[in-house]
Amino acid sequence: MPFQIDIPQDWIIEAEAWEWATVLGIAGAIAIGLYGWNSRIRKRSTGQGLPAWGRWGMGILRFSAVGILGFLLLEPLIRSVQYDEEKPVAIVLMDESESVLVRADSSEAGALKGWSDAVYEALVSEDLVVERYGFGSALRPLESSSDSTYAWTGAQTNIDEAIRSLSPRLENRNIAGVLLASDGLVNRGASPIYGVQWPNFPVHTVGLGDTTAVRDRWIHRVNHNTVAYLGNAFPLQAFVESQGLADQGGRIEIVHNGSTIASESWTSDGDFERTKFDFMLPADAIGLQRYTVRVAALDGEYDKTNNSRTVYIEVLESRRIVACISAAAHPDIGALRMALEAMESYELRLFDLSTLKNPNALTDALNEADVVIAHNLLGKRWGGMEWTKLLAMNNLPVWWWAADETAWGHLQSNNDLGVQLTQSGDLNQTHRARLNPGFSLLEWPEGVSVAVRSWPPFFGPFEQATWSPAWSQLLFRQFGDVQTQDAFWGLRGSASGTKQILTIGEGLWRWRMRNYALEQNHDSFDALVQRQVQFLAAEDARQRLTVQTEKRIGADQRLEFTAQAYDAAWTPFRDATIELTLTDESGQAYTQTMLPSASGYAAGFGRMPAGTYRWEALSELDGTAFDASGLVIVNDTQIERAQLAADHTTLQRISEATGGNHLGDWRGADAAAVRDAFLQGGLPAVVRHEQTNLREAIDWPFWLLLAMALLTLEWIIRRRNLGY
């Protein structure tokens, strides 16, 4: 390729006339001083001298070199314009749930992948950029545009979640349309007709799955509590669906420890029927109890594997009691109440001292409570005694909330908590929150740290808090992008006395509302509250080897473990060897070595079949063996194996609502039909993006190379002709 120099065409030079005159004057003065009429350039002993025309040439070389360097000092800019073309983009969204191929043979998956590849080639032939995504319970981008490694193994179908995840990827892009290939059966998230916020593009739909109705009966859903209490009866609700079994009898049974403890019979009234059964079952044994809900199979059923469902219920002796006592009504109490009421193993008792009518009920609650939440009780008395001393006498774990000026004033004076506020005035302030990255007392679910930063400001005193070494600081104040080390929330473990939590400020209710507005759930907020209450309620049995995992997960979720190991001084152990063994109900064992991670150690077993698994972790720390063990339940919801016919009517309504085309079943909608659907409404034109760039002329190496070349040439001629 021949050598080419890209010469900039557009220059920006903001220099005054006197600056030009100075640069050119200095360059001319240097050239004249060296090679002018009085420069006495003549023949010397080691040179040949220069004639008049040679002097002029040398002067021009020096003037040009110095002039170039002076020109660069004027800081000229080079303006360039770059053009990028954005071709129209076609989105292919493939339903990867198990129900798509539940009735198909092994060759169906290969044929469906071949159809997908043909669609891709047809769209690319129209100069479209094709992006492929799969979805089950969540959106899954394919690794490359030409990748067709779809896997129809999803245990759920959630179009709502897929579209919400896809929408940010489509904003401000040149989208030609979306192709949705699905069987139309949705079992999670909002309705695709009424609840999904479809993007403002035509959605063309293609039907997957089998639309033929079959004779079958299956358990659609089982509702039950995860926790029950010894000696009580607990409810269990089962929904059984029948298809093509009109006038056929059925029987449902609940089996526990090999015995049928409840049953009911019925007769189906129509070809498609959903029947609800309500049972009250006795909790007569402590621990994790297994119950099998079973429907008697009939001759001629299409699939008999979906006639049973296993559920697990943990039976406890009693609930833990949380006494929430407030000086007056406050919206933060409501936020705490809703977060804690979701914990089935905890009983919440609320007391508002401003309207309290039965003091004996409060006294009884304090005698029975495992945890106390004290809202704005600092600096106040009950029965002539300060609340801090009263609760300390009962040795109760307490979550102190300092949300008014009386509580802040108590913290400004000498107190028993070991937290001191400054006394600079009566000013208040708002601030956002940031989780302390070095906090290690509790483990948080993924996403909590990011969520906390996005929640509204907290309201509290202007004062700064000094925390004694007994406290672990949980949340720091943050003002805009300015991160501080000023904590307003801390936890104190039992090594320093009774477990306590102190929160300075108010605004918890805003956090809960914003959490729902951003994520359509309260999971992050509830986790922040619930894990701190669990910390207070937990018996202090600190172990040098601790292992955490979820107690219950779905069969479509990955089973993950984390662990921490400590030496004799309770310093995290970084080179421990932790062997983790997972054993299923049949005795099959799976063993992994936990690997170091950012939070300690981690191991993952991927997706495991439904069932109950026992796990055991073993490690040797400082020559001493330690172990930890527990149970984890993998639930199989079976919702994708319900023998419902594919619902292509839903797909047709989606296309009608978005201005797209429903192309029917994929076997009849070849690649050409999909391509024509995109072409029918007209493809958007190629978008040309113009980007203007400014760079300093000194960054263009041509000028420096030219100046160096001129000075080098001058030096060579001067040496050869003028001598040394």
# chains A, B, ... in the order shown; residues from 1 in each chain; ligands from 1
>>> residues_around(residues="region 167-182 of chain A", least_positions_apart="6", cutoff="6 Å", atoms="only C-alpha atoms", output="PDB file with C-alpha atoms, in the first residue's frame")
ATOM      1  CA  PRO A  88     -31.531  -1.125  10.984  1.00  0.00           C
ATOM      2  CA  VAL A  89     -31.569  -3.748  13.742  1.00  0.00           C
ATOM      3  CA  ALA A  90     -33.892  -6.759  13.890  1.00  0.00           C
ATOM      4  CA  ILE A  91     -34.436  -8.387  17.305  1.00  0.00           C
ATOM      5  CA  VAL A  92     -35.170 -12.119  17.491  1.00  0.00           C
ATOM      6  CA  LEU A  93     -36.642 -13.136  20.870  1.00  0.00           C
ATOM      7  CA  MET A  94     -36.919 -16.908  21.351  1.00  0.00           C
ATOM      8  CA  ASP A  95     -38.950 -18.606  24.102  1.00  0.00           C
ATOM      9  CA  PHE A 201     -41.770  -1.096  17.559  1.00  0.00           C
ATOM     10  CA  PRO A 202     -43.797  -3.662  15.610  1.00  0.00           C
ATOM     11  CA  VAL A 203     -43.661  -7.085  17.273  1.00  0.00           C
ATOM     12  CA  HIS A 204     -44.049  -9.926  14.770  1.00  0.00           C
ATOM     13  CA  THR A 205     -44.968 -13.235  16.392  1.00  0.00           C
ATOM     14  CA  VAL A 206     -44.456 -16.877  15.450  1.00  0.00           C
ATOM     15  CA  GLY A 207     -46.108 -19.724  17.343  1.00  0.00           C
ATOM     16  CA  LEU A 208     -44.091 -22.559  18.876  1.00  0.00           C
ATOM     17  CA  LEU A 683     -37.430  -0.784   6.934  1.00  0.00           C
TER      18      LEU A 683
END
>>> residues_around(residues="region 700-706 of chain A", least_positions_apart="6", cutoff="8 Å", atoms="only C-alpha atoms", output="ChimeraX atom specification")
/A:65,68-69
>>> write_last_selection(atoms="N, CA and C atoms", output="PDB file, in the first residue's frame")
ATOM      1  N   ALA A  65      11.815  26.106  10.233  1.00  0.00           N
ATOM      2  CA  ALA A  65      11.825  25.226  11.408  1.00  0.00           C
ATOM      3  C   ALA A  65      11.378  25.964  12.660  1.00  0.00           C
ATOM      4  N   ILE A  68       7.666  26.871  12.487  1.00  0.00           N
ATOM      5  CA  ILE A  68       6.755  25.747  12.787  1.00  0.00           C
ATOM      6  C   ILE A  68       6.624  25.565  14.295  1.00  0.00           C
ATOM      7  N   LEU A  69       7.753  25.591  15.008  1.00  0.00           N
ATOM      8  CA  LEU A  69       7.704  25.436  16.458  1.00  0.00           C
ATOM      9  C   LEU A  69       6.938  26.579  17.112  1.00  0.00           C
TER      10      LEU A  69
END
>>> closest_residue(among="A:Gly418, A:Pro331, A:Gly490, A:Gly507", to="His431 (chain A)", atoms="only C-alpha atoms")
A:Gly507
>>> select_by_dssp(residues="region 533-722 of chain A", states="helix (DSSP H, G or I)", output="PDB file with C-alpha atoms, in the first residue's frame")
ATOM      1  CA  VAL A 533     -33.299  -8.562  63.038  1.00  0.00           C
ATOM      2  CA  GLN A 534     -32.055 -12.104  62.480  1.00  0.00           C
ATOM      3  CA  PHE A 535     -28.614 -10.956  63.638  1.00  0.00           C
ATOM      4  CA  LEU A 536     -30.131  -9.610  66.866  1.00  0.00           C
ATOM      5  CA  ALA A 537     -32.257 -12.723  67.459  1.00  0.00           C
ATOM      6  CA  ILE A 639     -45.278 -25.478  35.894  1.00  0.00           C
ATOM      7  CA  GLU A 640     -43.674 -25.930  32.474  1.00  0.00           C
ATOM      8  CA  ARG A 641     -44.729 -29.584  32.321  1.00  0.00           C
ATOM      9  CA  HIS A 648     -51.115 -18.770  19.781  1.00  0.00           C
ATOM     10  CA  THR A 649     -54.105 -16.479  20.304  1.00  0.00           C
ATOM     11  CA  THR A 650     -52.066 -14.530  22.856  1.00  0.00           C
ATOM     12  CA  LEU A 651     -49.339 -14.028  20.260  1.00  0.00           C
ATOM     13  CA  GLN A 652     -51.863 -12.765  17.729  1.00  0.00           C
ATOM     14  CA  ARG A 653     -53.152 -10.169  20.186  1.00  0.00           C
ATOM     15  CA  ILE A 654     -49.588  -9.021  20.938  1.00  0.00           C
ATOM     16  CA  SER A 655     -48.967  -8.402  17.235  1.00  0.00           C
ATOM     17  CA  GLU A 656     -52.260  -6.561  16.813  1.00  0.00           C
ATOM     18  CA  ALA A 657     -51.491  -4.294  19.777  1.00  0.00           C
ATOM     19  CA  THR A 658     -47.986  -3.405  18.555  1.00  0.00           C
ATOM     20  CA  ALA A 671     -37.746 -17.562   6.635  1.00  0.00           C
ATOM     21  CA  ALA A 672     -39.118 -15.696   3.606  1.00  0.00           C
ATOM     22  CA  ALA A 673     -42.402 -15.007   5.417  1.00  0.00           C
ATOM     23  CA  VAL A 674     -40.516 -13.563   8.402  1.00  0.00           C
ATOM     24  CA  ARG A 675     -38.407 -11.397   6.112  1.00  0.00           C
ATOM     25  CA  ASP A 676     -41.510 -10.155   4.264  1.00  0.00           C
ATOM     26  CA  ALA A 677     -43.144  -9.244   7.599  1.00  0.00           C
ATOM     27  CA  PHE A 678     -40.247  -6.916   8.359  1.00  0.00           C
ATOM     28  CA  LEU A 679     -40.298  -5.490   4.845  1.00  0.00           C
ATOM     29  CA  GLN A 680     -44.047  -4.946   4.753  1.00  0.00           C
ATOM     30  CA  ALA A 697      -2.088  20.277  16.242  1.00  0.00           C
ATOM     31  CA  ILE A 698       0.881  19.180  18.314  1.00  0.00           C
ATOM     32  CA  ASP A 699      -0.717  15.721  18.453  1.00  0.00           C
ATOM     33  CA  PRO A 701       3.264  14.230  14.335  1.00  0.00           C
ATOM     34  CA  PHE A 702       3.770  15.661  10.850  1.00  0.00           C
ATOM     35  CA  TRP A 703       4.704  19.114  12.202  1.00  0.00           C
ATOM     36  CA  LEU A 704       7.354  17.859  14.587  1.00  0.00           C
ATOM     37  CA  LEU A 705       8.792  15.509  11.976  1.00  0.00           C
ATOM     38  CA  LEU A 706       8.942  18.367   9.447  1.00  0.00           C
ATOM     39  CA  ALA A 707      10.680  20.724  11.882  1.00  0.00           C
ATOM     40  CA  MET A 708      13.164  17.991  12.809  1.00  0.00           C
ATOM     41  CA  ALA A 709      13.825  17.237   9.134  1.00  0.00           C
ATOM     42  CA  LEU A 710      14.492  20.922   8.356  1.00  0.00           C
ATOM     43  CA  LEU A 711      16.884  21.327  11.284  1.00  0.00           C
ATOM     44  CA  THR A 712      18.667  18.080  10.373  1.00  0.00           C
ATOM     45  CA  LEU A 713      19.106  19.197   6.760  1.00  0.00           C
ATOM     46  CA  GLU A 714      20.427  22.565   7.913  1.00  0.00           C
ATOM     47  CA  TRP A 715      22.891  20.893  10.279  1.00  0.00           C
ATOM     48  CA  ILE A 716      24.240  18.594   7.528  1.00  0.00           C
ATOM     49  CA  ILE A 717      24.725  21.457   5.025  1.00  0.00           C
ATOM     50  CA  ARG A 718      26.307  23.675   7.671  1.00  0.00           C
ATOM     51  CA  ARG A 719      28.781  20.977   8.663  1.00  0.00           C
ATOM     52  CA  ARG A 720      29.759  20.188   5.098  1.00  0.00           C
ATOM     53  CA  ASN A 721      30.129  23.754   3.872  1.00  0.00           C
ATOM     54  CA  LEU A 722      30.985  25.862   6.900  1.00  0.00           C
TER      55      LEU A 722
END
>>> residues_around(residues="Val311 (chain A)", least_positions_apart="5", cutoff="8 Å", atoms="only C-alpha atoms", output="JSON, numbers by chain")
{"A": [290, 291, 292, 293, 635]}
>>> write_last_selection(atoms="N, CA and C atoms", output="mmCIF file, in the first residue's frame")
data_model
loop_
_atom_site.group_PDB
_atom_site.id
_atom_site.type_symbol
_atom_site.label_atom_id
_atom_site.label_comp_id
_atom_site.auth_asym_id
_atom_site.auth_seq_id
_atom_site.Cartn_x
_atom_site.Cartn_y
_atom_site.Cartn_z
ATOM 1 N N ARG A 290 -41.535 -33.504 55.154
ATOM 2 C CA ARG A 290 -41.793 -33.677 53.722
ATOM 3 C C ARG A 290 -43.225 -34.166 53.524
ATOM 4 N N TYR A 291 -43.953 -33.468 52.624
ATOM 5 C CA TYR A 291 -45.333 -33.835 52.296
ATOM 6 C C TYR A 291 -45.435 -34.007 50.778
ATOM 7 N N THR A 292 -46.067 -35.086 50.355
ATOM 8 C CA THR A 292 -46.263 -35.354 48.931
ATOM 9 C C THR A 292 -47.738 -35.193 48.600
ATOM 10 N N VAL A 293 -48.028 -34.311 47.659
ATOM 11 C CA VAL A 293 -49.392 -34.118 47.161
ATOM 12 C C VAL A 293 -49.511 -34.961 45.895
ATOM 13 N N ASN A 635 -36.757 -26.959 45.058
ATOM 14 C CA ASN A 635 -38.166 -27.157 44.699
ATOM 15 C C ASN A 635 -38.332 -27.294 43.192
#
>>> select_by_dssp(residues="region 333-536 of chain A", states="strand (DSSP E)", output="PyMOL selection string")
chain A and resi 346-352+371-375+381-382+385-386+398-402+419-421+428-435+458-461+465-467+471-479+482-492+500-504
>>> atom_distance(atom1="CA of Gly623 (chain A)", atom2="CA of Pro596 (chain A)")
19.7 Å
>>> closest_residue(among="A:Asp416, A:Glu446, A:Asp210, A:Glu696", to="Leu73 (chain A)", atoms="only C-alpha atoms")
A:Glu696
>>> closest_residue(among="A:Leu631, A:Ala335, A:Leu442, A:Ile578", to="Asn515 (chain A)", atoms="only C-alpha atoms")
A:Ala335
>>> closest_atom_pairs(of="region 460-571 of chain A", to="region 150-165 of chain A", cutoff="10 Å", atoms="only C-alpha atoms", output="tab-separated table")
residue	atom	partner	partner_atom	distance
A:Gly554	CA	A:Ala155	CA	8.7
A:Ala555	CA	A:Ala155	CA	7.4
A:Asp556	CA	A:Ala155	CA	5.6
A:Gln557	CA	A:Ala155	CA	9.2
>>> residues_around(residues="Thr571 (chain A)", least_positions_apart="3", cutoff="12 Å", atoms="only C-alpha atoms", output="number ranges by chain")
A: 440, 544-545, 564-568, 574, 600, 621
>>> closest_residue(among="A:Leu417, A:Ala402, A:Leu663, A:Leu24", to="Thr388 (chain A)", atoms="only C-alpha atoms")
A:Leu417
>>> closest_residue(among="A:Trp489, A:Trp615, A:Phe239, A:Trp115", to="Gly505 (chain A)", atoms="only C-alpha atoms")
A:Trp489
>>> closest_atom_pairs(of="region 278-384 of chain A", to="region 249-266 of chain A", cutoff="10 Å", atoms="only C-alpha atoms", output="Markdown table")
| residue | atom | partner | partner_atom | distance |
| --- | --- | --- | --- | --- |
| A:Asp278 | CA | A:Glu264 | CA | 9.6 |
| A:Phe279 | CA | A:Ala262 | CA | 7.4 |
| A:Met280 | CA | A:Ala262 | CA | 8.6 |
| A:Leu281 | CA | A:Ile261 | CA | 7.7 |
| A:Pro282 | CA | A:Ile261 | CA | 8.9 |
| A:Gln289 | CA | A:His256 | CA | 7.9 |
| A:Arg290 | CA | A:His256 | CA | 6.4 |
| A:Tyr291 | CA | A:His256 | CA | 5.0 |
| A:Thr292 | CA | A:Val255 | CA | 5.0 |
| A:Val293 | CA | A:Ile254 | CA | 4.8 |
| A:Arg294 | CA | A:Glu253 | CA | 5.2 |
| A:Val295 | CA | A:Ile252 | CA | 4.4 |
| A:Ala296 | CA | A:Arg251 | CA | 5.5 |
| A:Ala297 | CA | A:Gly250 | CA | 8.1 |
| A:Leu298 | CA | A:Gly250 | CA | 8.1 |
| A:Asn307 | CA | A:Ile252 | CA | 9.4 |
| A:Ser308 | CA | A:Ile252 | CA | 9.3 |
| A:Arg309 | CA | A:Ile254 | CA | 9.8 |
| A:Thr310 | CA | A:Val255 | CA | 9.4 |
>>> write_last_selection(atoms="N, CA and C atoms", output="PDB file, in the first residue's frame")
ATOM      1  N   ASP A 278     -58.619 -27.528  49.732  1.00  0.00           N
ATOM      2  CA  ASP A 278     -58.076 -26.932  50.953  1.00  0.00           C
ATOM      3  C   ASP A 278     -57.963 -28.001  52.032  1.00  0.00           C
ATOM      4  N   PHE A 279     -56.779 -28.090  52.625  1.00  0.00           N
ATOM      5  CA  PHE A 279     -56.533 -29.058  53.688  1.00  0.00           C
ATOM      6  C   PHE A 279     -55.963 -28.326  54.906  1.00  0.00           C
ATOM      7  N   MET A 280     -56.272 -28.824  56.091  1.00  0.00           N
ATOM      8  CA  MET A 280     -55.638 -28.399  57.331  1.00  0.00           C
ATOM      9  C   MET A 280     -54.882 -29.606  57.879  1.00  0.00           C
ATOM     10  N   LEU A 281     -53.561 -29.476  57.943  1.00  0.00           N
ATOM     11  CA  LEU A 281     -52.714 -30.606  58.310  1.00  0.00           C
ATOM     12  C   LEU A 281     -52.087 -30.374  59.680  1.00  0.00           C
ATOM     13  N   PRO A 282     -51.935 -31.437  60.465  1.00  0.00           N
ATOM     14  CA  PRO A 282     -51.353 -31.283  61.805  1.00  0.00           C
ATOM     15  C   PRO A 282     -49.827 -31.215  61.746  1.00  0.00           C
ATOM     16  N   GLN A 289     -40.194 -31.238  57.508  1.00  0.00           N
ATOM     17  CA  GLN A 289     -41.144 -32.309  57.196  1.00  0.00           C
ATOM     18  C   GLN A 289     -41.465 -32.306  55.707  1.00  0.00           C
ATOM     19  N   ARG A 290     -41.535 -33.504  55.154  1.00  0.00           N
ATOM     20  CA  ARG A 290     -41.793 -33.677  53.722  1.00  0.00           C
ATOM     21  C   ARG A 290     -43.225 -34.166  53.524  1.00  0.00           C
ATOM     22  N   TYR A 291     -43.953 -33.468  52.624  1.00  0.00           N
ATOM     23  CA  TYR A 291     -45.333 -33.835  52.296  1.00  0.00           C
ATOM     24  C   TYR A 291     -45.435 -34.007  50.778  1.00  0.00           C
ATOM     25  N   THR A 292     -46.067 -35.086  50.355  1.00  0.00           N
ATOM     26  CA  THR A 292     -46.263 -35.354  48.931  1.00  0.00           C
ATOM     27  C   THR A 292     -47.738 -35.193  48.600  1.00  0.00           C
ATOM     28  N   VAL A 293     -48.028 -34.311  47.659  1.00  0.00           N
ATOM     29  CA  VAL A 293     -49.392 -34.118  47.161  1.00  0.00           C
ATOM     30  C   VAL A 293     -49.511 -34.961  45.895  1.00  0.00           C
ATOM     31  N   ARG A 294     -50.449 -35.894  45.881  1.00  0.00           N
ATOM     32  CA  ARG A 294     -50.507 -36.887  44.808  1.00  0.00           C
ATOM     33  C   ARG A 294     -51.923 -37.008  44.272  1.00  0.00           C
ATOM     34  N   VAL A 295     -52.040 -37.012  42.940  1.00  0.00           N
ATOM     35  CA  VAL A 295     -53.331 -37.208  42.268  1.00  0.00           C
ATOM     36  C   VAL A 295     -53.302 -38.572  41.584  1.00  0.00           C
ATOM     37  N   ALA A 296     -54.324 -39.360  41.804  1.00  0.00           N
ATOM     38  CA  ALA A 296     -54.381 -40.699  41.210  1.00  0.00           C
ATOM     39  C   ALA A 296     -54.394 -40.602  39.690  1.00  0.00           C
ATOM     40  N   ALA A 297     -53.546 -41.396  39.049  1.00  0.00           N
ATOM     41  CA  ALA A 297     -53.445 -41.380  37.592  1.00  0.00           C
ATOM     42  C   ALA A 297     -54.559 -42.216  36.969  1.00  0.00           C
ATOM     43  N   LEU A 298     -55.035 -41.775  35.790  1.00  0.00           N
ATOM     44  CA  LEU A 298     -56.087 -42.481  35.057  1.00  0.00           C
ATOM     45  C   LEU A 298     -55.504 -43.115  33.809  1.00  0.00           C
ATOM     46  N   ASN A 307     -48.301 -35.746  38.135  1.00  0.00           N
ATOM     47  CA  ASN A 307     -49.429 -36.000  39.034  1.00  0.00           C
ATOM     48  C   ASN A 307     -49.050 -35.899  40.507  1.00  0.00           C
ATOM     49  N   SER A 308     -47.811 -35.550  40.810  1.00  0.00           N
ATOM     50  CA  SER A 308     -47.417 -35.437  42.213  1.00  0.00           C
ATOM     51  C   SER A 308     -46.498 -34.236  42.391  1.00  0.00           C
ATOM     52  N   ARG A 309     -46.507 -33.719  43.589  1.00  0.00           N
ATOM     53  CA  ARG A 309     -45.674 -32.572  43.937  1.00  0.00           C
ATOM     54  C   ARG A 309     -45.233 -32.737  45.378  1.00  0.00           C
ATOM     55  N   THR A 310     -43.951 -32.496  45.642  1.00  0.00           N
ATOM     56  CA  THR A 310     -43.408 -32.614  46.994  1.00  0.00           C
ATOM     57  C   THR A 310     -43.138 -31.229  47.558  1.00  0.00           C
TER      58      THR A 310
END
>>> atom_distance(atom1="CA of Pro456 (chain A)", atom2="CA of Gln473 (chain A)")
20.1 Å
